[in-house]
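The block underneath contains the structure these notes are about, expressed in structure tokens.
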Amino acid sequence: MKKIFIIFFLSFLAVNLKAQDNTGEQKRAAEWVAALDLHDTKKEERIKTLIFNHLVAVKEWHNTHPASTVPAGINPVTGQKLSELDRTIIADSAMPDTVHNTLMNGLREELDAAQVAFILDKYTIGKVDFTMKGYKAIVPDLTAEEEKVIRAHLEEAREMAIDYKNMKQISAIFEIYKTKSEAYLNANGRNWRQLYKDYVNKARAEKAKK
């Protein structure tokens, strides 16, 4: 009887600990949905469930597929050895597409485009607007068409980035699309390297005056 009780207690404890482990995901889902100010309790619950399930799925995949599951090797584009970050991104990118699609299809069914973007910004701490602001500072005469193309790249990065666990990974995903944006500028008559150099020099000069 004592042995049965111990097994039951350990099972209960494991379930309880698992629930506690997901408290952060529950809190984030609740806060993000509350910020939408929907005034529709049933809809709020459906969206909270979608986000919570996605956050937990991403976390559990990440925790059960560490960098060590990806063999050490080289990046076939650069020839450099894969870093620890590279390997975690490769491991996490193998998560089934259904996890991403379930969230996105659900959000698009429940919300309008601006509200979906709002939730994705919560996942990525507003990196689209923050990065866009940086491009406008570096390229003061950025055209409307250039801004449209770059923002599209960054929004694509944002949607991809929601399937990654931490900010280092999310930032790395954005770097992929920033590289695409800078290649686009170079291909359309800009010199990104010079623009960035001029921006840094100007910032240093202004700092020196203070």
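Labels used: A, B, ... for chains in the order of the structure tokens, numbers from 1 for residues in each chain, and numbers from 1 for ligands as shown.
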
Which residues, written as a list of chain:residue names, have at least one atom at most 9 Å from Tyr184 (chain A), with only C-alpha atoms counted and residues fewer than 4 positions away on the same chain left out? A:Glu146, A:Val149, A:Ile150, A:Thr179, A:Lys180, A:Asn188, A:Arg190

So that I can see what lies close to Ala161 (chain A), please list as a PyMOL selection string the residues with an atom at most 8 Å from it, counting only C-alpha atoms and leaving out residues fewer than 6 positions away in the same chain. chain A and resi 124+169-170+173-174

Cut-off 10 Å: closest region 82-153 of chain A/region 33-42 of chain A atom pairs per residue, using only C-alpha atoms, as CSV:
```
residue,atom,partner,partner_atom,distance
A:Leu111,CA,A:Leu38,CA,9.6
A:Gln115,CA,A:Leu36,CA,7.1
A:Val116,CA,A:Leu36,CA,9.8
A:Phe118,CA,A:Leu36,CA,8.0
A:Ile119,CA,A:Val33,CA,7.9
A:Lys122,CA,A:Ala35,CA,10.0
```

Tell me which protein, DNA and RNA residues are within 10 Å of Ser181 (chain A), counting only C-alpha atoms, leaving out same-chain ones fewer than 2 positions away, and put them as a list in words.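 Neighbouring residues, sequence-local ones excluded: Tyr135, Glu146, Glu147, Val149, Ile150, Arg151, Ala152, His153, Leu154, Glu175, Ile176, Tyr177, Lys178, Thr179, Ala183, Tyr184, Leu185, Asn186, Ala187 and Trp192 of chain A.
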
For Gly73 (chain A), find every residue with an atom within 10 Å (counting only C-alpha atoms), except residues of its own chain fewer than 6 positions away, and show them as number ranges by chain. A: 79-83, 87

Output of the above residues as a PDB file, in the first residue's frame, restricted to N, CA, C and O atoms:
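So selection.pdb came out as:
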```pdb
ATOM      1  N   GLY A  79      31.449  28.016 -45.104  1.00  0.00           N
ATOM      2  CA  GLY A  79      32.580  27.124 -44.860  1.00  0.00           C
ATOM      3  C   GLY A  79      33.055  27.137 -43.425  1.00  0.00           C
ATOM      4  O   GLY A  79      33.962  26.369 -43.043  1.00  0.00           O
ATOM      5  N   GLN A  80      32.442  27.974 -42.578  1.00  0.00           N
ATOM      6  CA  GLN A  80      32.833  28.038 -41.173  1.00  0.00           C
ATOM      7  C   GLN A  80      32.151  26.940 -40.367  1.00  0.00           C
ATOM      8  O   GLN A  80      31.078  26.458 -40.739  1.00  0.00           O
ATOM      9  N   LYS A  81      32.792  26.565 -39.254  1.00  0.00           N
ATOM     10  CA  LYS A  81      32.203  25.531 -38.394  1.00  0.00           C
ATOM     11  C   LYS A  81      30.887  26.026 -37.819  1.00  0.00           C
ATOM     12  O   LYS A  81      30.740  27.207 -37.487  1.00  0.00           O
ATOM     13  N   LEU A  82      29.927  25.136 -37.722  1.00  0.00           N
ATOM     14  CA  LEU A  82      28.646  25.485 -37.124  1.00  0.00           C
ATOM     15  C   LEU A  82      28.850  25.872 -35.660  1.00  0.00           C
ATOM     16  O   LEU A  82      29.508  25.154 -34.900  1.00  0.00           O
ATOM     17  N   SER A  83      28.272  26.994 -35.276  1.00  0.00           N
ATOM     18  CA  SER A  83      28.349  27.420 -33.880  1.00  0.00           C
ATOM     19  C   SER A  83      27.277  26.699 -33.065  1.00  0.00           C
ATOM     20  O   SER A  83      26.381  26.047 -33.627  1.00  0.00           O
ATOM     21  N   ARG A  87      23.571  25.338 -34.453  1.00  0.00           N
ATOM     22  CA  ARG A  87      23.060  23.975 -34.253  1.00  0.00           C
ATOM     23  C   ARG A  87      21.715  23.972 -33.529  1.00  0.00           C
ATOM     24  O   ARG A  87      20.850  23.133 -33.817  1.00  0.00           O
TER      25      ARG A  87
END
```

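Put simply, CA of Asp92 (chain A) is 17.6 Å away from CA of Ile74 (chain A).
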
May I ask which of the residues A:Asp121, A:Glu44, A:Glu25, A:Asp198 is the closest one to Ile138 (chain A), counting only C-alpha atoms?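 So, comparing all the options, the nearest one is A:Asp198.
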
Need to verify the contact set: Lys27 (chain A), 12 Å, only C-alpha atoms, exclusion of same-chain residues closer than 4 positions in sequence. Can you return it as a PDB file with C-alpha atoms, in the first residue's frame?
```
ATOM      1  CA  GLN A  20       4.029  24.896 -12.959  1.00  0.00           C
ATOM      2  CA  ASP A  21       6.666  24.784 -15.684  1.00  0.00           C
ATOM      3  CA  ASN A  22       4.130  26.264 -18.082  1.00  0.00           C
ATOM      4  CA  THR A  23       3.152  29.173 -15.854  1.00  0.00           C
ATOM      5  CA  GLU A  31      -1.186  39.281 -21.173  1.00  0.00           C
ATOM      6  CA  TRP A  32      -0.897  39.383 -24.961  1.00  0.00           C
ATOM      7  CA  VAL A  33      -4.567  38.587 -25.502  1.00  0.00           C
ATOM      8  CA  ALA A  34      -5.675  41.068 -22.831  1.00  0.00           C
ATOM      9  CA  LYS A  48      -5.134  32.289 -25.398  1.00  0.00           C
ATOM     10  CA  THR A  49      -5.321  28.534 -25.927  1.00  0.00           C
ATOM     11  CA  ILE A  51      -0.887  30.941 -28.155  1.00  0.00           C
ATOM     12  CA  PHE A  52      -0.337  28.892 -25.002  1.00  0.00           C
ATOM     13  CA  LEU A  55       4.505  28.503 -26.763  1.00  0.00           C
ATOM     14  CA  VAL A  56       4.560  25.181 -24.921  1.00  0.00           C
TER      15      VAL A  56
END
```

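When the distance limit is 12 Å and only C-alpha atoms are what count, the residues near Glu84 (chain A), minus those fewer than 6 positions from it on the same chain, are Pro66, Ala67, Ser68, Thr69, Val70, Pro71, Ala72, Gly73, Ile74, Ile90, Ala91, Lys168 and Gln169 of chain A.
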
Can I get the selected residues back with N, CA and C atoms, as an mmCIF file, in the first residue's frame?
```cif
data_model
loop_
_atom_site.group_PDB
_atom_site.id
_atom_site.type_symbol
_atom_site.label_atom_id
_atom_site.label_comp_id
_atom_site.auth_asym_id
_atom_site.auth_seq_id
_atom_site.Cartn_x
_atom_site.Cartn_y
_atom_site.Cartn_z
ATOM 1 N N PRO A 66 18.254 19.426 -28.206
ATOM 2 C CA PRO A 66 19.390 20.345 -27.986
ATOM 3 C C PRO A 66 20.350 20.363 -29.166
ATOM 4 N N ALA A 67 21.302 21.279 -29.107
ATOM 5 C CA ALA A 67 22.299 21.416 -30.176
ATOM 6 C C ALA A 67 23.038 20.114 -30.431
ATOM 7 N N SER A 68 23.204 19.313 -29.389
ATOM 8 C CA SER A 68 23.952 18.057 -29.513
ATOM 9 C C SER A 68 23.290 17.062 -30.457
ATOM 10 N N THR A 69 22.003 17.266 -30.778
ATOM 11 C CA THR A 69 21.333 16.362 -31.717
ATOM 12 C C THR A 69 21.716 16.667 -33.163
ATOM 13 N N VAL A 70 22.387 17.796 -33.383
ATOM 14 C CA VAL A 70 22.859 18.171 -34.719
ATOM 15 C C VAL A 70 24.364 17.914 -34.787
ATOM 16 N N PRO A 71 24.829 17.072 -35.693
ATOM 17 C CA PRO A 71 26.265 16.777 -35.777
ATOM 18 C C PRO A 71 27.079 18.040 -36.048
ATOM 19 N N ALA A 72 28.240 18.104 -35.440
ATOM 20 C CA ALA A 72 29.148 19.221 -35.714
ATOM 21 C C ALA A 72 29.554 19.170 -37.175
ATOM 22 N N GLY A 73 29.657 20.317 -37.804
ATOM 23 C CA GLY A 73 30.027 20.352 -39.214
ATOM 24 C C GLY A 73 30.256 21.783 -39.637
ATOM 25 N N ILE A 74 30.139 22.046 -40.923
ATOM 26 C CA ILE A 74 30.365 23.397 -41.420
ATOM 27 C C ILE A 74 29.099 23.970 -42.039
ATOM 28 N N ILE A 90 19.181 24.902 -36.213
ATOM 29 C CA ILE A 90 18.924 23.765 -37.098
ATOM 30 C C ILE A 90 18.003 22.763 -36.410
ATOM 31 N N ALA A 91 18.290 22.481 -35.142
ATOM 32 C CA ALA A 91 17.472 21.519 -34.397
ATOM 33 C C ALA A 91 16.037 22.014 -34.259
ATOM 34 N N LYS A 168 18.243 35.123 -28.694
ATOM 35 C CA LYS A 168 19.427 34.926 -29.538
ATOM 36 C C LYS A 168 19.020 34.281 -30.857
ATOM 37 N N GLN A 169 18.165 33.289 -30.776
ATOM 38 C CA GLN A 169 17.679 32.625 -31.986
ATOM 39 C C GLN A 169 16.817 33.569 -32.823
#
```
